[in-house]
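Data first, discussion second: the structure below is written as structure tokens.
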Amino acid sequence: MDILIDCPRVQMRHFTREDVDAVFEFSVDTQVSRYTGDAGFVSSKDDAMRIIKNVWLNEYEKHGYGRYALVHKRENKVIGFCGFKYDEELNAPDLGYRMLPAYWRQGLASEAVSALLAYGRDTLNLDLVVADAAVENTGSNKVLLNHGFEFVKTQPLFGFNMNHYQIRLQS
């Protein structure tokens, strides 16, 4: 599997069908899906496989990017995802990430987001990138602001009040 993004502690690569157990593990964790709006979408390994095949693999082919498997290097384990998803309504890539709670508060999300933005700018030649975070999700809001995202507005989305952000990657 080709590593797309290599950081000190994590790597990002395309998801494969072999990642179904890991996708199931982080998708059914209620702490991980608490603010996502898609809690309960994955309740079986078949559901996890459908997301890999019908969403992520299709996005790589259609847009040239998608959500990437977030691999903890020391453990060689998929712990979540970090990547872009094309938002048709906004005509822009949406940055998103998730990881198992055992890996929270270690700076891994920040490390991954920083590297992903550089990859988006330098390799994918992306310009405008958007992101949303539930108002209550203070950690994700902090990560986005610390990486230069500008607050645009708060709006209801997925049953939450979501802060909407954007960043320009090209000067």
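Starting from 1 in every chain, residues are counted up; chains themselves are A, B, ... following the order of the structure tokens, and ligands are numbered from 1 as listed.
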
Could you list, as a PyMOL selection string, every residue within 7 Å of Phe15 (chain A), counting only C-alpha atoms and ignoring same-chain residues fewer than 6 positions away?
chain A and resi 52+68-69

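Checking A:Ser140, A:Ser43, A:Asn161, A:Thr16 one by one against Val78 (chain A), counting only C-alpha atoms, you find the shortest gap at A:Thr16.
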
Could you pull out all residues of region 35-134 of chain A with a DSSP call of strand (DSSP E) and give them as a PDB file with N, CA and C atoms, in the first residue's frame?
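See part05.pdb below for the written result:
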```pdb
ATOM      1  N   ARG A  67     -11.267  10.408   1.884  1.00  0.00           N
ATOM      2  CA  ARG A  67     -10.836  10.170   3.256  1.00  0.00           C
ATOM      3  C   ARG A  67      -9.754   9.094   3.201  1.00  0.00           C
ATOM      4  N   TYR A  68      -8.653   9.346   3.884  1.00  0.00           N
ATOM      5  CA  TYR A  68      -7.525   8.412   3.875  1.00  0.00           C
ATOM      6  C   TYR A  68      -7.449   7.652   5.188  1.00  0.00           C
ATOM      7  N   ALA A  69      -6.973   6.419   5.097  1.00  0.00           N
ATOM      8  CA  ALA A  69      -6.728   5.625   6.298  1.00  0.00           C
ATOM      9  C   ALA A  69      -5.623   6.311   7.089  1.00  0.00           C
ATOM     10  N   LEU A  70      -5.885   6.545   8.360  1.00  0.00           N
ATOM     11  CA  LEU A  70      -4.917   7.168   9.266  1.00  0.00           C
ATOM     12  C   LEU A  70      -4.250   6.048  10.051  1.00  0.00           C
ATOM     13  N   VAL A  71      -2.973   5.847   9.784  1.00  0.00           N
ATOM     14  CA  VAL A  71      -2.243   4.716  10.339  1.00  0.00           C
ATOM     15  C   VAL A  71      -1.268   5.201  11.406  1.00  0.00           C
ATOM     16  N   HIS A  72      -1.376   4.634  12.604  1.00  0.00           N
ATOM     17  CA  HIS A  72      -0.421   4.915  13.674  1.00  0.00           C
ATOM     18  C   HIS A  72       0.854   4.144  13.339  1.00  0.00           C
ATOM     19  N   LYS A  77      -1.253   0.394  12.809  1.00  0.00           N
ATOM     20  CA  LYS A  77      -2.687   0.149  12.977  1.00  0.00           C
ATOM     21  C   LYS A  77      -3.480   1.323  12.417  1.00  0.00           C
ATOM     22  N   VAL A  78      -4.549   1.007  11.677  1.00  0.00           N
ATOM     23  CA  VAL A  78      -5.477   2.050  11.228  1.00  0.00           C
ATOM     24  C   VAL A  78      -6.291   2.484  12.442  1.00  0.00           C
ATOM     25  N   ILE A  79      -6.173   3.778  12.782  1.00  0.00           N
ATOM     26  CA  ILE A  79      -6.836   4.308  13.983  1.00  0.00           C
ATOM     27  C   ILE A  79      -7.978   5.251  13.650  1.00  0.00           C
ATOM     28  N   GLY A  80      -8.198   5.501  12.355  1.00  0.00           N
ATOM     29  CA  GLY A  80      -9.263   6.409  11.946  1.00  0.00           C
ATOM     30  C   GLY A  80      -9.057   6.845  10.518  1.00  0.00           C
ATOM     31  N   PHE A  81      -9.528   8.047  10.212  1.00  0.00           N
ATOM     32  CA  PHE A  81      -9.292   8.613   8.884  1.00  0.00           C
ATOM     33  C   PHE A  81      -8.976  10.083   8.978  1.00  0.00           C
ATOM     34  N   CYS A  82      -8.350  10.583   7.931  1.00  0.00           N
ATOM     35  CA  CYS A  82      -8.104  12.010   7.763  1.00  0.00           C
ATOM     36  C   CYS A  82      -8.053  12.227   6.263  1.00  0.00           C
ATOM     37  N   GLY A  83      -8.790  13.198   5.777  1.00  0.00           N
ATOM     38  CA  GLY A  83      -8.762  13.425   4.340  1.00  0.00           C
ATOM     39  C   GLY A  83      -9.796  14.432   3.895  1.00  0.00           C
ATOM     40  N   PHE A  84      -9.928  14.523   2.597  1.00  0.00           N
ATOM     41  CA  PHE A  84     -10.874  15.438   1.972  1.00  0.00           C
ATOM     42  C   PHE A  84     -12.050  14.657   1.400  1.00  0.00           C
ATOM     43  N   LYS A  85     -13.207  15.277   1.397  1.00  0.00           N
ATOM     44  CA  LYS A  85     -14.400  14.746   0.745  1.00  0.00           C
ATOM     45  C   LYS A  85     -14.979  15.894  -0.069  1.00  0.00           C
ATOM     46  N   TYR A  86     -15.268  15.639  -1.329  1.00  0.00           N
ATOM     47  CA  TYR A  86     -15.813  16.700  -2.168  1.00  0.00           C
ATOM     48  C   TYR A  86     -17.230  17.035  -1.716  1.00  0.00           C
ATOM     49  N   ASP A  87     -17.469  18.297  -1.410  1.00  0.00           N
ATOM     50  CA  ASP A  87     -18.786  18.786  -1.009  1.00  0.00           C
ATOM     51  C   ASP A  87     -19.432  19.434  -2.229  1.00  0.00           C
ATOM     52  N   ALA A  92     -16.410  22.395  -3.119  1.00  0.00           N
ATOM     53  CA  ALA A  92     -15.092  22.482  -2.482  1.00  0.00           C
ATOM     54  C   ALA A  92     -14.822  21.209  -1.694  1.00  0.00           C
ATOM     55  N   PRO A  93     -13.560  20.878  -1.502  1.00  0.00           N
ATOM     56  CA  PRO A  93     -13.233  19.738  -0.649  1.00  0.00           C
ATOM     57  C   PRO A  93     -13.441  20.091   0.823  1.00  0.00           C
ATOM     58  N   ASP A  94     -13.992  19.137   1.544  1.00  0.00           N
ATOM     59  CA  ASP A  94     -14.252  19.272   2.975  1.00  0.00           C
ATOM     60  C   ASP A  94     -13.203  18.449   3.723  1.00  0.00           C
ATOM     61  N   LEU A  95     -12.490  19.073   4.629  1.00  0.00           N
ATOM     62  CA  LEU A  95     -11.509  18.358   5.437  1.00  0.00           C
ATOM     63  C   LEU A  95     -12.219  17.717   6.625  1.00  0.00           C
ATOM     64  N   GLY A  96     -11.911  16.449   6.863  1.00  0.00           N
ATOM     65  CA  GLY A  96     -12.489  15.758   8.007  1.00  0.00           C
ATOM     66  C   GLY A  96     -11.533  14.727   8.552  1.00  0.00           C
ATOM     67  N   TYR A  97     -11.698  14.422   9.813  1.00  0.00           N
ATOM     68  CA  TYR A  97     -10.873  13.386  10.430  1.00  0.00           C
ATOM     69  C   TYR A  97     -11.621  12.767  11.591  1.00  0.00           C
ATOM     70  N   ARG A  98     -11.245  11.535  11.900  1.00  0.00           N
ATOM     71  CA  ARG A  98     -11.770  10.804  13.054  1.00  0.00           C
ATOM     72  C   ARG A  98     -10.677   9.858  13.515  1.00  0.00           C
ATOM     73  N   MET A  99     -10.662   9.610  14.807  1.00  0.00           N
ATOM     74  CA  MET A  99      -9.738   8.594  15.309  1.00  0.00           C
ATOM     75  C   MET A  99     -10.260   8.027  16.613  1.00  0.00           C
ATOM     76  N   LEU A 128      -9.535  26.361  -2.226  1.00  0.00           N
ATOM     77  CA  LEU A 128     -10.428  26.533  -1.085  1.00  0.00           C
ATOM     78  C   LEU A 128     -10.750  25.179  -0.455  1.00  0.00           C
ATOM     79  N   VAL A 129     -10.584  25.082   0.852  1.00  0.00           N
ATOM     80  CA  VAL A 129     -10.951  23.893   1.614  1.00  0.00           C
ATOM     81  C   VAL A 129     -11.891  24.338   2.718  1.00  0.00           C
ATOM     82  N   VAL A 130     -12.946  23.570   2.939  1.00  0.00           N
ATOM     83  CA  VAL A 130     -13.916  23.880   3.989  1.00  0.00           C
ATOM     84  C   VAL A 130     -13.861  22.791   5.063  1.00  0.00           C
ATOM     85  N   ALA A 131     -14.426  23.110   6.213  1.00  0.00           N
ATOM     86  CA  ALA A 131     -14.516  22.143   7.310  1.00  0.00           C
ATOM     87  C   ALA A 131     -15.643  22.566   8.233  1.00  0.00           C
ATOM     88  N   ASP A 132     -16.256  21.586   8.878  1.00  0.00           N
ATOM     89  CA  ASP A 132     -17.305  21.841   9.851  1.00  0.00           C
ATOM     90  C   ASP A 132     -16.971  21.120  11.142  1.00  0.00           C
ATOM     91  N   ALA A 133     -17.309  21.747  12.255  1.00  0.00           N
ATOM     92  CA  ALA A 133     -17.129  21.118  13.567  1.00  0.00           C
ATOM     93  C   ALA A 133     -18.276  21.552  14.457  1.00  0.00           C
ATOM     94  N   ALA A 134     -18.860  20.592  15.165  1.00  0.00           N
ATOM     95  CA  ALA A 134     -19.928  20.921  16.101  1.00  0.00           C
ATOM     96  C   ALA A 134     -19.405  21.920  17.126  1.00  0.00           C
TER      97      ALA A 134
END
```

At a cut-off of 8 Å, using only C-alpha atoms, what residues contact Leu4 (chain A)? Leave out same-chain residues fewer than 5 positions from it and give the result as a PyMOL selection string.
chain A and resi 11-14

I need the residues from that last selection saved to file as a compact mmCIF listing (two decimals), in the first residue's frame (with C-alpha atoms), if you can.
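See selection-v4.txt below for the written result:
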```
# COMPACT_ATOMS: atom_id res chain seq x y z
CA GLN A 11 0.75 8.04 7.87
CA MET A 12 -2.12 8.36 5.43
CA ARG A 13 -2.93 6.03 2.56
CA HIS A 14 -5.95 4.94 0.55
```

Based on DSSP run over this structure's backbone, return all residues of chain A in alpha helix (DSSP H), as a ChimeraX atom specification.
/A:20-28,45-50,57-63,108-122,138-146

Show me, as a list in words, the residues that have an atom within 8 Å of Ala115 (chain A) when counting only C-alpha atoms, minus same-chain residues fewer than 2 positions from it.
Ile5, Asp6, Cys7, Glu111, Ala112, Val113, Leu117, Ala118 and Tyr119 of chain A

Those same residues, written as a compact mmCIF listing (two decimals), in the first residue's frame with C-alpha atoms?
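Full text of part-v7.txt as output:
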```txt
# COMPACT_ATOMS: atom_id res chain seq x y z
CA ILE A 5 1.40 11.33 3.49
CA ASP A 6 4.10 10.50 6.01
CA CYS A 7 4.26 12.31 9.34
CA GLU A 111 -0.05 16.49 12.95
CA ALA A 112 -2.31 14.84 10.39
CA VAL A 113 -4.27 18.00 9.50
CA LEU A 117 -3.25 20.67 4.14
CA ALA A 118 0.29 20.72 2.72
CA TYR A 119 -0.56 17.69 0.56
```

Expressed in Å to a single decimal, how great is the separation between CA of Thr36 (chain A) and CA of Phe158 (chain A)?
7.3 Å

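Interatomic distance, CA of Leu90 (chain A) to CA of Val28 (chain A): 28.2 Å.
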
Counting only C-alpha atoms, the residue of A:Asn58, A:Asn137, A:Asn91, A:Gln31 that sits nearest Asn163 (chain A):
A:Asn137

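Relative to CA of Asn54 (chain A), CA of Gly159 (chain A) is found at 24.5 Å.
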